[in-house]
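J.: Please find one structure pasted underneath; my questions will follow.
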Amino acid sequence: MNLSDSRTAGQADTGQPASSQKAAAGQRPATSGAVPRPAQGAVSRPATSRPAPRPLTEPRPLTRVSAAEAVFSAIRHDIESGAFGIGAKLSSEATLATQYGVSRSVIREALRSCNTLGLTVTKTGKGTFVVSNHVANDLTLGQYSARDLNEARPHIEVPAAGLAAQRRTEEDLEHLKDLVQAMLTETDPEAWVSLDANFHSAVARASGNRVFASVVSEIREALAHQSETLNMVADRQHLSDEEHLAVLDAIEAGDADAASHAMAEHLNAVAAALDSILSK
């Protein structure tokens with residue numbers, strides 16, 4: 001099966017358990033109240049200008065994440081349906097990449113999400129093994145859990161955003177703009193989650209509070225794991241872009257209340273997406 005050039009995947013013919021290996025078809029729907037999007041293909045802009053707008057109804061470019069979503073959905077289906085039993089060892093990354101017709105980086109993304117959901121465990125030098133046929137009660141994000149992050153982040157990042165609106169320097173602001181612009185045009189999902197974590201770290205640094213900056217830096221890796229899984233399972237990337245823009249706008253305007261509110265709304269949306277995954 002080859003997923004690299006199509007958003008619809010067929011069944012594999014390699015002896016692996018058959019599953020519903022479909023990628024999401026068509027364009028993702030635009031959301032109401034969405035902020036303007038950058039011009040297609042834009043990669044730079046003047047330092048003081050915002051991204052050039054384009055209608056949200058314009059077809060969005062297909063990206064590699066569609067293939068990763070399809071592989072993840074196929075493996076998850078096989079695990080949850082019992083086609084892969086508890087204790088079963090999955091094929092190697094190289095074998096899975098050949099089976100699905102994608103790169104090994106796409107396979108790694110899909111397997112990381114299976115690990116995060118508590119379906120599999122990857123043992124260095126041994127492979128990936130099925131440990132459960134249903135999503136765990138909580139997500140494992142490095143040394144933290146999703147519950148840990150959901151409880152802590154509002155107490156750190158909401159006030160940090162408010163202080164950033166009051167204290168940010170022009171250098172801070174330009175760095176935040178560059179990060180948001182890069183996220184809006186990034187088509188590599190692994191690169192996007194790194195930019196996402198960088199954005200949250202940069203907001204904390206712009207607050208001028210070294211405790212906030214240190215804490216967010218400490219949880220940066222966990223934030224990246226969380227974003228990757230939410231993008232894979234709940235299709236959060238486009239919505240997160242809009243929410244980041246709202247935070248940036250408020251910080252640029254120097255409106256502390258609006259910045260705190262925008263960050264709180266973003267974190268609430270992330271928590272709701274996580275709840276939807278865990279309740280399935």
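Residue names in the structure tokens use chain letters A, B, ... in the order shown, residue numbers from 1 in each chain, and ligand numbers from 1 in the order shown.
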Please, which residues in segment 210-256 of chain A fall within 8 Å of segment 139-154 of chain A when counting only C-alpha atoms, and what is the closest atom pair and distance in Å to one decimal for each, ordered by chain then residue number, as CSV?
T.:
```
residue,atom,partner,partner_atom,distance
A:Glu221,CA,A:Gly142,CA,7.2
A:Ala222,CA,A:Leu141,CA,5.0
A:Leu223,CA,A:Leu141,CA,7.7
A:His225,CA,A:Leu141,CA,5.8
A:Gln226,CA,A:Leu141,CA,6.4
```
J.: Selected residues, N, CA, C and O atoms, written as a PDB file, in the first residue's frame, please.
T.:
```
ATOM      1  N   GLU A 221       9.687  19.391  25.873  1.00  0.00           N
ATOM      2  CA  GLU A 221       9.623  18.109  25.167  1.00  0.00           C
ATOM      3  C   GLU A 221       8.243  17.476  25.301  1.00  0.00           C
ATOM      4  O   GLU A 221       7.699  16.926  24.336  1.00  0.00           O
ATOM      5  N   ALA A 222       7.660  17.566  26.504  1.00  0.00           N
ATOM      6  CA  ALA A 222       6.319  17.021  26.713  1.00  0.00           C
ATOM      7  C   ALA A 222       5.292  17.766  25.878  1.00  0.00           C
ATOM      8  O   ALA A 222       4.356  17.163  25.332  1.00  0.00           O
ATOM      9  N   LEU A 223       5.448  19.088  25.751  1.00  0.00           N
ATOM     10  CA  LEU A 223       4.525  19.871  24.925  1.00  0.00           C
ATOM     11  C   LEU A 223       4.601  19.421  23.465  1.00  0.00           C
ATOM     12  O   LEU A 223       3.566  19.348  22.775  1.00  0.00           O
ATOM     13  N   HIS A 225       5.465  16.390  22.334  1.00  0.00           N
ATOM     14  CA  HIS A 225       4.805  15.086  22.235  1.00  0.00           C
ATOM     15  C   HIS A 225       3.280  15.258  22.222  1.00  0.00           C
ATOM     16  O   HIS A 225       2.565  14.588  21.470  1.00  0.00           O
ATOM     17  N   GLN A 226       2.779  16.152  23.079  1.00  0.00           N
ATOM     18  CA  GLN A 226       1.334  16.372  23.152  1.00  0.00           C
ATOM     19  C   GLN A 226       0.804  16.943  21.854  1.00  0.00           C
ATOM     20  O   GLN A 226      -0.224  16.494  21.325  1.00  0.00           O
TER      21      GLN A 226
END
```
J.: Write out as a count of residues only all residues of segment 119-209 of chain A that backbone DSSP assigns to helix (DSSP H, G or I).
T.: 56
J.: Need the shell around segment 261-272 of chain A: protein/DNA/RNA residues with any atom at most 8 Å away, counting only C-alpha atoms. Skip same-chain ones fewer than 3 positions apart. Format as a PyMOL selection string?
T.: chain A and resi 150+153-154+157-158+161+240+243-244+246-247+250+257-258+275-276
J.: Which is closest to Val180 of chain A among A:Ala160, A:Ala206, A:Leu245, A:Ile277, if we use only C-alpha atoms?
T.: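 Smallest distance to Val180 of chain A is found for A:Leu245.
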J.: Can you list, as a ChimeraX atom specification, every protein, DNA or RNA residue that comes within 8 Å of Gly162 of chain A when you count only C-alpha atoms, leaving out same-chain residues fewer than 4 positions away?
T.: /A:158,166,207,251,255-260
J.: In Å, with one decimal, what is the gap from atom CA of Ala202 of chain A to atom CA of His155 of chain A?
T.: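 Separating atom CA of Ala202 of chain A from atom CA of His155 of chain A is a distance of 16.7 Å.
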J.: Suppose you want the space between atom CA of Ser194 of chain A and atom CA of Ala182 of chain A; what is it in Å?
T.: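 It comes out at 10.8 Å.
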J.: Find the residues around Glu252 of chain A up to 7 Å (only C-alpha atoms counted), leave out those fewer than 2 positions away in its own chain, and share them as an MDAnalysis selection string.
T.: chainID A and resid 165 173 248:250 254
J.: Please list as a PDB file with all heavy atoms, in the first residue's frame every residue within 8 Å of segment 102-119 of chain A, counting only C-alpha atoms and excluding residues in the same chain fewer than 6 positions away.
T.:
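Final file, result.pdb:
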```pdb
ATOM      1  N   ASN A   2       0.545   2.217  -0.800  1.00  0.00           N
ATOM      2  CA  ASN A   2       1.339   3.421  -0.870  1.00  0.00           C
ATOM      3  C   ASN A   2       0.496   4.609  -0.468  1.00  0.00           C
ATOM      4  O   ASN A   2      -0.542   4.862  -1.052  1.00  0.00           O
ATOM      5  CB  ASN A   2       1.856   3.587  -2.303  1.00  0.00           C
ATOM      6  CG  ASN A   2       2.896   4.676  -2.369  1.00  0.00           C
ATOM      7  OD1 ASN A   2       2.638   5.814  -1.981  1.00  0.00           O
ATOM      8  ND2 ASN A   2       4.071   4.328  -2.866  1.00  0.00           N
ATOM      9  N   LEU A   3       0.948   5.346   0.559  1.00  0.00           N
ATOM     10  CA  LEU A   3       0.194   6.493   1.057  1.00  0.00           C
ATOM     11  C   LEU A   3       0.838   7.807   0.671  1.00  0.00           C
ATOM     12  O   LEU A   3       0.292   8.856   0.966  1.00  0.00           O
ATOM     13  CB  LEU A   3       0.111   6.441   2.593  1.00  0.00           C
ATOM     14  CG  LEU A   3      -0.572   5.213   3.193  1.00  0.00           C
ATOM     15  CD1 LEU A   3      -0.530   5.319   4.703  1.00  0.00           C
ATOM     16  CD2 LEU A   3      -2.002   5.104   2.722  1.00  0.00           C
ATOM     17  N   SER A   4       1.996   7.764   0.058  1.00  0.00           N
ATOM     18  CA  SER A   4       2.752   8.989  -0.134  1.00  0.00           C
ATOM     19  C   SER A   4       2.137   9.929  -1.146  1.00  0.00           C
ATOM     20  O   SER A   4       2.356  11.130  -1.079  1.00  0.00           O
ATOM     21  CB  SER A   4       4.196   8.668  -0.544  1.00  0.00           C
ATOM     22  OG  SER A   4       4.199   7.898  -1.728  1.00  0.00           O
ATOM     23  N   ARG A  64       2.273  15.984   4.475  1.00  0.00           N
ATOM     24  CA  ARG A  64       2.708  14.655   4.855  1.00  0.00           C
ATOM     25  C   ARG A  64       1.911  14.096   6.021  1.00  0.00           C
ATOM     26  O   ARG A  64       1.837  12.886   6.211  1.00  0.00           O
ATOM     27  CB  ARG A  64       4.201  14.702   5.195  1.00  0.00           C
ATOM     28  CG  ARG A  64       4.812  13.380   5.540  1.00  0.00           C
ATOM     29  CD  ARG A  64       6.325  13.467   5.526  1.00  0.00           C
ATOM     30  NE  ARG A  64       6.829  14.455   6.455  1.00  0.00           N
ATOM     31  CZ  ARG A  64       7.117  14.184   7.736  1.00  0.00           C
ATOM     32  NH1 ARG A  64       6.918  12.978   8.211  1.00  0.00           N
ATOM     33  NH2 ARG A  64       7.589  15.115   8.514  1.00  0.00           N
ATOM     34  N   VAL A  65       1.301  14.971   6.835  1.00  0.00           N
ATOM     35  CA  VAL A  65       0.558  14.481   7.992  1.00  0.00           C
ATOM     36  C   VAL A  65      -0.569  13.551   7.583  1.00  0.00           C
ATOM     37  O   VAL A  65      -0.964  12.681   8.334  1.00  0.00           O
ATOM     38  CB  VAL A  65       0.017  15.664   8.825  1.00  0.00           C
ATOM     39  CG1 VAL A  65      -1.132  16.360   8.120  1.00  0.00           C
ATOM     40  CG2 VAL A  65      -0.428  15.185  10.205  1.00  0.00           C
ATOM     41  N   ALA A  67      -0.516  11.168   5.412  1.00  0.00           N
ATOM     42  CA  ALA A  67       0.022   9.817   5.363  1.00  0.00           C
ATOM     43  C   ALA A  67       0.251   9.277   6.767  1.00  0.00           C
ATOM     44  O   ALA A  67      -0.058   8.116   7.064  1.00  0.00           O
ATOM     45  CB  ALA A  67       1.332   9.806   4.574  1.00  0.00           C
ATOM     46  N   ALA A  68       0.786  10.106   7.659  1.00  0.00           N
ATOM     47  CA  ALA A  68       1.010   9.667   9.030  1.00  0.00           C
ATOM     48  C   ALA A  68      -0.309   9.329   9.720  1.00  0.00           C
ATOM     49  O   ALA A  68      -0.402   8.345  10.457  1.00  0.00           O
ATOM     50  CB  ALA A  68       1.749  10.754   9.810  1.00  0.00           C
ATOM     51  N   GLU A  69      -1.333  10.135   9.459  1.00  0.00           N
ATOM     52  CA  GLU A  69      -2.650   9.862  10.038  1.00  0.00           C
ATOM     53  C   GLU A  69      -3.180   8.515   9.542  1.00  0.00           C
ATOM     54  O   GLU A  69      -3.768   7.745  10.313  1.00  0.00           O
ATOM     55  CB  GLU A  69      -3.641  10.972   9.666  1.00  0.00           C
ATOM     56  CG  GLU A  69      -3.417  12.279  10.412  1.00  0.00           C
ATOM     57  CD  GLU A  69      -4.249  13.410   9.848  1.00  0.00           C
ATOM     58  OE1 GLU A  69      -4.807  13.257   8.738  1.00  0.00           O
ATOM     59  OE2 GLU A  69      -4.335  14.447  10.508  1.00  0.00           O
ATOM     60  N   VAL A  71      -1.439   5.890   8.421  1.00  0.00           N
ATOM     61  CA  VAL A  71      -0.685   4.788   9.013  1.00  0.00           C
ATOM     62  C   VAL A  71      -1.093   4.601  10.475  1.00  0.00           C
ATOM     63  O   VAL A  71      -1.331   3.470  10.928  1.00  0.00           O
ATOM     64  CB  VAL A  71       0.833   5.055   8.912  1.00  0.00           C
ATOM     65  CG1 VAL A  71       1.611   3.988   9.682  1.00  0.00           C
ATOM     66  CG2 VAL A  71       1.271   5.081   7.455  1.00  0.00           C
ATOM     67  N   PHE A  72      -1.164   5.695  11.209  1.00  0.00           N
ATOM     68  CA  PHE A  72      -1.562   5.610  12.610  1.00  0.00           C
ATOM     69  C   PHE A  72      -2.944   4.976  12.751  1.00  0.00           C
ATOM     70  O   PHE A  72      -3.158   4.082  13.579  1.00  0.00           O
ATOM     71  CB  PHE A  72      -1.568   7.008  13.234  1.00  0.00           C
ATOM     72  CG  PHE A  72      -2.292   7.083  14.537  1.00  0.00           C
ATOM     73  CD1 PHE A  72      -1.735   6.544  15.696  1.00  0.00           C
ATOM     74  CD2 PHE A  72      -3.548   7.669  14.619  1.00  0.00           C
ATOM     75  CE1 PHE A  72      -2.421   6.596  16.906  1.00  0.00           C
ATOM     76  CE2 PHE A  72      -4.235   7.727  15.815  1.00  0.00           C
ATOM     77  CZ  PHE A  72      -3.671   7.186  16.966  1.00  0.00           C
ATOM     78  N   ARG A  76      -3.639   1.537  14.681  1.00  0.00           N
ATOM     79  CA  ARG A  76      -4.535   1.610  15.842  1.00  0.00           C
ATOM     80  C   ARG A  76      -5.740   0.689  15.661  1.00  0.00           C
ATOM     81  O   ARG A  76      -6.155  -0.007  16.593  1.00  0.00           O
ATOM     82  CB  ARG A  76      -5.001   3.054  16.054  1.00  0.00           C
ATOM     83  CG  ARG A  76      -5.950   3.225  17.234  1.00  0.00           C
ATOM     84  CD  ARG A  76      -6.386   4.662  17.411  1.00  0.00           C
ATOM     85  NE  ARG A  76      -7.295   4.801  18.532  1.00  0.00           N
ATOM     86  CZ  ARG A  76      -7.852   5.949  18.897  1.00  0.00           C
ATOM     87  NH1 ARG A  76      -7.569   7.074  18.244  1.00  0.00           N
ATOM     88  NH2 ARG A  76      -8.685   5.997  19.933  1.00  0.00           N
ATOM     89  N   ILE A  79      -4.806  -2.899  16.259  1.00  0.00           N
ATOM     90  CA  ILE A  79      -4.587  -3.189  17.681  1.00  0.00           C
ATOM     91  C   ILE A  79      -5.919  -3.272  18.416  1.00  0.00           C
ATOM     92  O   ILE A  79      -6.185  -4.226  19.159  1.00  0.00           O
ATOM     93  CB  ILE A  79      -3.683  -2.113  18.321  1.00  0.00           C
ATOM     94  CG1 ILE A  79      -2.264  -2.212  17.755  1.00  0.00           C
ATOM     95  CG2 ILE A  79      -3.658  -2.261  19.844  1.00  0.00           C
ATOM     96  CD1 ILE A  79      -1.355  -1.068  18.182  1.00  0.00           C
ATOM     97  N   GLU A  93      10.456  -0.570  11.520  1.00  0.00           N
ATOM     98  CA  GLU A  93      10.138   0.682  10.844  1.00  0.00           C
ATOM     99  C   GLU A  93      10.365   0.551   9.338  1.00  0.00           C
ATOM    100  O   GLU A  93       9.546   1.021   8.534  1.00  0.00           O
ATOM    101  CB  GLU A  93      10.997   1.820  11.389  1.00  0.00           C
ATOM    102  CG  GLU A  93      10.608   2.294  12.772  1.00  0.00           C
ATOM    103  CD  GLU A  93      11.479   3.460  13.223  1.00  0.00           C
ATOM    104  OE1 GLU A  93      12.323   3.929  12.420  1.00  0.00           O
ATOM    105  OE2 GLU A  93      11.313   3.899  14.374  1.00  0.00           O
ATOM    106  N   ALA A  94      11.460  -0.090   8.963  1.00  0.00           N
ATOM    107  CA  ALA A  94      11.778  -0.238   7.545  1.00  0.00           C
ATOM    108  C   ALA A  94      10.717  -1.066   6.827  1.00  0.00           C
ATOM    109  O   ALA A  94      10.287  -0.733   5.712  1.00  0.00           O
ATOM    110  CB  ALA A  94      13.152  -0.882   7.376  1.00  0.00           C
ATOM    111  N   LEU A  96       7.541  -1.568   7.796  1.00  0.00           N
ATOM    112  CA  LEU A  96       6.287  -0.813   7.765  1.00  0.00           C
ATOM    113  C   LEU A  96       6.347   0.299   6.722  1.00  0.00           C
ATOM    114  O   LEU A  96       5.350   0.572   6.031  1.00  0.00           O
ATOM    115  CB  LEU A  96       5.989  -0.223   9.141  1.00  0.00           C
ATOM    116  CG  LEU A  96       5.594  -1.218  10.238  1.00  0.00           C
ATOM    117  CD1 LEU A  96       5.511  -0.513  11.595  1.00  0.00           C
ATOM    118  CD2 LEU A  96       4.253  -1.884   9.911  1.00  0.00           C
ATOM    119  N   VAL A 130       2.774  -4.465  21.356  1.00  0.00           N
ATOM    120  CA  VAL A 130       1.425  -4.101  21.776  1.00  0.00           C
ATOM    121  C   VAL A 130       1.271  -4.415  23.260  1.00  0.00           C
ATOM    122  O   VAL A 130       1.562  -5.525  23.704  1.00  0.00           O
ATOM    123  CB  VAL A 130       0.366  -4.879  20.964  1.00  0.00           C
ATOM    124  CG1 VAL A 130      -1.044  -4.542  21.461  1.00  0.00           C
ATOM    125  CG2 VAL A 130       0.500  -4.563  19.477  1.00  0.00           C
ATOM    126  N   VAL A 131       0.811  -3.433  24.029  1.00  0.00           N
ATOM    127  CA  VAL A 131       0.626  -3.642  25.470  1.00  0.00           C
ATOM    128  C   VAL A 131      -0.824  -3.443  25.903  1.00  0.00           C
ATOM    129  O   VAL A 131      -1.189  -3.770  27.033  1.00  0.00           O
ATOM    130  CB  VAL A 131       1.531  -2.705  26.294  1.00  0.00           C
ATOM    131  CG1 VAL A 131       2.996  -3.027  26.058  1.00  0.00           C
ATOM    132  CG2 VAL A 131       1.251  -1.242  25.960  1.00  0.00           C
ATOM    133  N   SER A 132      -1.672  -2.900  25.012  1.00  0.00           N
ATOM    134  CA  SER A 132      -3.077  -2.707  25.358  1.00  0.00           C
ATOM    135  C   SER A 132      -3.894  -2.595  24.078  1.00  0.00           C
ATOM    136  O   SER A 132      -3.377  -2.166  23.045  1.00  0.00           O
ATOM    137  CB  SER A 132      -3.260  -1.436  26.203  1.00  0.00           C
ATOM    138  OG  SER A 132      -4.631  -1.204  26.484  1.00  0.00           O
ATOM    139  N   ASN A 133      -5.162  -2.995  24.144  1.00  0.00           N
ATOM    140  CA  ASN A 133      -6.039  -2.851  22.980  1.00  0.00           C
ATOM    141  C   ASN A 133      -7.031  -1.707  23.145  1.00  0.00           C
ATOM    142  O   ASN A 133      -8.018  -1.626  22.431  1.00  0.00           O
ATOM    143  CB  ASN A 133      -6.781  -4.166  22.693  1.00  0.00           C
ATOM    144  CG  ASN A 133      -7.618  -4.617  23.884  1.00  0.00           C
ATOM    145  OD1 ASN A 133      -7.823  -3.874  24.838  1.00  0.00           O
ATOM    146  ND2 ASN A 133      -8.100  -5.858  23.826  1.00  0.00           N
ATOM    147  N   HIS A 134      -6.773  -0.818  24.100  1.00  0.00           N
ATOM    148  CA  HIS A 134      -7.609   0.375  24.256  1.00  0.00           C
ATOM    149  C   HIS A 134      -6.756   1.520  24.778  1.00  0.00           C
ATOM    150  O   HIS A 134      -5.714   1.306  25.408  1.00  0.00           O
ATOM    151  CB  HIS A 134      -8.783   0.116  25.215  1.00  0.00           C
ATOM    152  CG  HIS A 134      -8.354  -0.273  26.593  1.00  0.00           C
ATOM    153  ND1 HIS A 134      -8.072  -1.580  26.938  1.00  0.00           N
ATOM    154  CD2 HIS A 134      -8.122   0.473  27.714  1.00  0.00           C
ATOM    155  CE1 HIS A 134      -7.711  -1.623  28.208  1.00  0.00           C
ATOM    156  NE2 HIS A 134      -7.732  -0.395  28.696  1.00  0.00           N
ATOM    157  N   VAL A 135      -7.213   2.743  24.501  1.00  0.00           N
ATOM    158  CA  VAL A 135      -6.473   3.936  24.895  1.00  0.00           C
ATOM    159  C   VAL A 135      -6.389   4.016  26.418  1.00  0.00           C
ATOM    160  O   VAL A 135      -7.354   3.727  27.123  1.00  0.00           O
ATOM    161  CB  VAL A 135      -7.141   5.207  24.339  1.00  0.00           C
ATOM    162  CG1 VAL A 135      -6.463   6.462  24.860  1.00  0.00           C
ATOM    163  CG2 VAL A 135      -7.112   5.183  22.807  1.00  0.00           C
ATOM    164  N   ALA A 136      -5.234   4.425  26.927  1.00  0.00           N
ATOM    165  CA  ALA A 136      -5.026   4.523  28.376  1.00  0.00           C
ATOM    166  C   ALA A 136      -5.883   5.630  28.976  1.00  0.00           C
ATOM    167  O   ALA A 136      -6.414   6.489  28.265  1.00  0.00           O
ATOM    168  CB  ALA A 136      -3.552   4.786  28.667  1.00  0.00           C
ATOM    169  N   ASP A 138      -4.785   7.987  30.701  1.00  0.00           N
ATOM    170  CA  ASP A 138      -4.001   9.204  30.605  1.00  0.00           C
ATOM    171  C   ASP A 138      -2.929   8.993  29.551  1.00  0.00           C
ATOM    172  O   ASP A 138      -2.612   7.854  29.208  1.00  0.00           O
ATOM    173  CB  ASP A 138      -3.377   9.556  31.966  1.00  0.00           C
ATOM    174  CG  ASP A 138      -2.965  11.025  32.063  1.00  0.00           C
ATOM    175  OD1 ASP A 138      -3.153  11.764  31.077  1.00  0.00           O
ATOM    176  OD2 ASP A 138      -2.466  11.430  33.132  1.00  0.00           O
ATOM    177  N   LEU A 139      -2.400  10.081  29.020  1.00  0.00           N
ATOM    178  CA  LEU A 139      -1.374   9.986  27.995  1.00  0.00           C
ATOM    179  C   LEU A 139       0.000  10.173  28.613  1.00  0.00           C
ATOM    180  O   LEU A 139       0.186  11.013  29.496  1.00  0.00           O
ATOM    181  CB  LEU A 139      -1.588  11.057  26.911  1.00  0.00           C
ATOM    182  CG  LEU A 139      -2.933  11.072  26.205  1.00  0.00           C
ATOM    183  CD1 LEU A 139      -2.918  12.111  25.089  1.00  0.00           C
ATOM    184  CD2 LEU A 139      -3.294   9.711  25.653  1.00  0.00           C
ATOM    185  N   THR A 140       0.961   9.397  28.145  1.00  0.00           N
ATOM    186  CA  THR A 140       2.331   9.517  28.613  1.00  0.00           C
ATOM    187  C   THR A 140       3.094  10.425  27.668  1.00  0.00           C
ATOM    188  O   THR A 140       3.221  10.139  26.482  1.00  0.00           O
ATOM    189  CB  THR A 140       3.009   8.135  28.669  1.00  0.00           C
ATOM    190  OG1 THR A 140       2.263   7.285  29.548  1.00  0.00           O
ATOM    191  CG2 THR A 140       4.435   8.263  29.170  1.00  0.00           C
ATOM    192  N   LEU A 141       3.598  11.539  28.201  1.00  0.00           N
ATOM    193  CA  LEU A 141       4.291  12.533  27.394  1.00  0.00           C
ATOM    194  C   LEU A 141       5.691  12.731  27.965  1.00  0.00           C
ATOM    195  O   LEU A 141       5.960  13.665  28.712  1.00  0.00           O
ATOM    196  CB  LEU A 141       3.520  13.860  27.397  1.00  0.00           C
ATOM    197  CG  LEU A 141       2.054  13.762  26.953  1.00  0.00           C
ATOM    198  CD1 LEU A 141       1.296  15.012  27.333  1.00  0.00           C
ATOM    199  CD2 LEU A 141       1.974  13.514  25.453  1.00  0.00           C
ATOM    200  N   GLU A 190       6.442  17.235  11.966  1.00  0.00           N
ATOM    201  CA  GLU A 190       7.439  17.136  13.033  1.00  0.00           C
ATOM    202  C   GLU A 190       8.085  18.491  13.278  1.00  0.00           C
ATOM    203  O   GLU A 190       8.344  18.881  14.422  1.00  0.00           O
ATOM    204  CB  GLU A 190       8.493  16.092  12.666  1.00  0.00           C
ATOM    205  CG  GLU A 190       9.399  15.705  13.818  1.00  0.00           C
ATOM    206  CD  GLU A 190      10.247  14.481  13.506  1.00  0.00           C
ATOM    207  OE1 GLU A 190      10.115  13.927  12.402  1.00  0.00           O
ATOM    208  OE2 GLU A 190      11.036  14.094  14.386  1.00  0.00           O
ATOM    209  N   HIS A 225       5.465  16.390  22.334  1.00  0.00           N
ATOM    210  CA  HIS A 225       4.805  15.086  22.235  1.00  0.00           C
ATOM    211  C   HIS A 225       3.280  15.258  22.222  1.00  0.00           C
ATOM    212  O   HIS A 225       2.565  14.588  21.470  1.00  0.00           O
ATOM    213  CB  HIS A 225       5.203  14.202  23.413  1.00  0.00           C
ATOM    214  CG  HIS A 225       6.563  13.589  23.295  1.00  0.00           C
ATOM    215  ND1 HIS A 225       6.977  12.890  22.181  1.00  0.00           N
ATOM    216  CD2 HIS A 225       7.604  13.567  24.158  1.00  0.00           C
ATOM    217  CE1 HIS A 225       8.214  12.465  22.355  1.00  0.00           C
ATOM    218  NE2 HIS A 225       8.628  12.868  23.552  1.00  0.00           N
ATOM    219  N   GLU A 228       2.072  16.707  18.845  1.00  0.00           N
ATOM    220  CA  GLU A 228       2.156  15.703  17.785  1.00  0.00           C
ATOM    221  C   GLU A 228       0.959  14.752  17.837  1.00  0.00           C
ATOM    222  O   GLU A 228       0.336  14.456  16.812  1.00  0.00           O
ATOM    223  CB  GLU A 228       3.459  14.923  17.927  1.00  0.00           C
ATOM    224  CG  GLU A 228       3.666  13.877  16.842  1.00  0.00           C
ATOM    225  CD  GLU A 228       5.007  13.186  16.980  1.00  0.00           C
ATOM    226  OE1 GLU A 228       5.294  12.623  18.055  1.00  0.00           O
ATOM    227  OE2 GLU A 228       5.784  13.214  16.008  1.00  0.00           O
ATOM    228  N   THR A 229       0.625  14.281  19.050  1.00  0.00           N
ATOM    229  CA  THR A 229      -0.494  13.348  19.184  1.00  0.00           C
ATOM    230  C   THR A 229      -1.818  14.019  18.877  1.00  0.00           C
ATOM    231  O   THR A 229      -2.681  13.444  18.195  1.00  0.00           O
ATOM    232  CB  THR A 229      -0.518  12.758  20.608  1.00  0.00           C
ATOM    233  OG1 THR A 229       0.715  12.069  20.834  1.00  0.00           O
ATOM    234  CG2 THR A 229      -1.671  11.776  20.771  1.00  0.00           C
ATOM    235  N   MET A 232      -2.216  14.390  15.198  1.00  0.00           N
ATOM    236  CA  MET A 232      -2.434  13.092  14.558  1.00  0.00           C
ATOM    237  C   MET A 232      -3.852  12.593  14.784  1.00  0.00           C
ATOM    238  O   MET A 232      -4.521  12.112  13.867  1.00  0.00           O
ATOM    239  CB  MET A 232      -1.446  12.074  15.132  1.00  0.00           C
ATOM    240  CG  MET A 232      -1.432  10.749  14.403  1.00  0.00           C
ATOM    241  SD  MET A 232      -0.401  10.773  12.943  1.00  0.00           S
ATOM    242  CE  MET A 232       1.228  10.879  13.679  1.00  0.00           C
TER     243      MET A 232
END
```
J.: Write down as a list in words the residues of segment 99-194 of chain A whose backbone DSSP state falls under strand (DSSP E or B).
T.: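 Of segment 99-194 of chain A, the ones in strand (DSSP E or B) are Thr120, Val121, Thr122, Lys123, Gly127, Thr128, Phe129, Val130, Thr140, Leu141, Tyr144 and Ser145 of chain A.
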J.: Counting only C-alpha atoms, figure out which residue out of A:Lys123, A:Leu239, A:Ala273, A:Asp78 gets nearest to Leu184 of chain A.
T.: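 Among A:Lys123, A:Leu239, A:Ala273, A:Asp78, it is A:Leu239 that comes nearest to Leu184 of chain A.
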J.: Report as a list in words all protein, DNA and RNA residues lying within 9 Å of Ala204 of chain A, evaluated on only C-alpha atoms, omitting residues in the same chain fewer than 2 positions from it.
T.: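 Contacts, in chain order: Ile156, Glu157, Ala160, Ala161, Leu163, Ala164, Phe199, His200, Ser201, Ala202, Ala206, Ser207, Gly208, Asn209, Arg210, Val211, Phe212, Ala213, Ser214, Val215, Val216 and Ser217 of chain A.
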J.: Quick check, in Å to one decimal: how far apart do atom CA of Leu278 of chain A and atom CA of Asn137 of chain A lie?
T.: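 Between atom CA of Leu278 of chain A and atom CA of Asn137 of chain A the gap is 6.1 Å.
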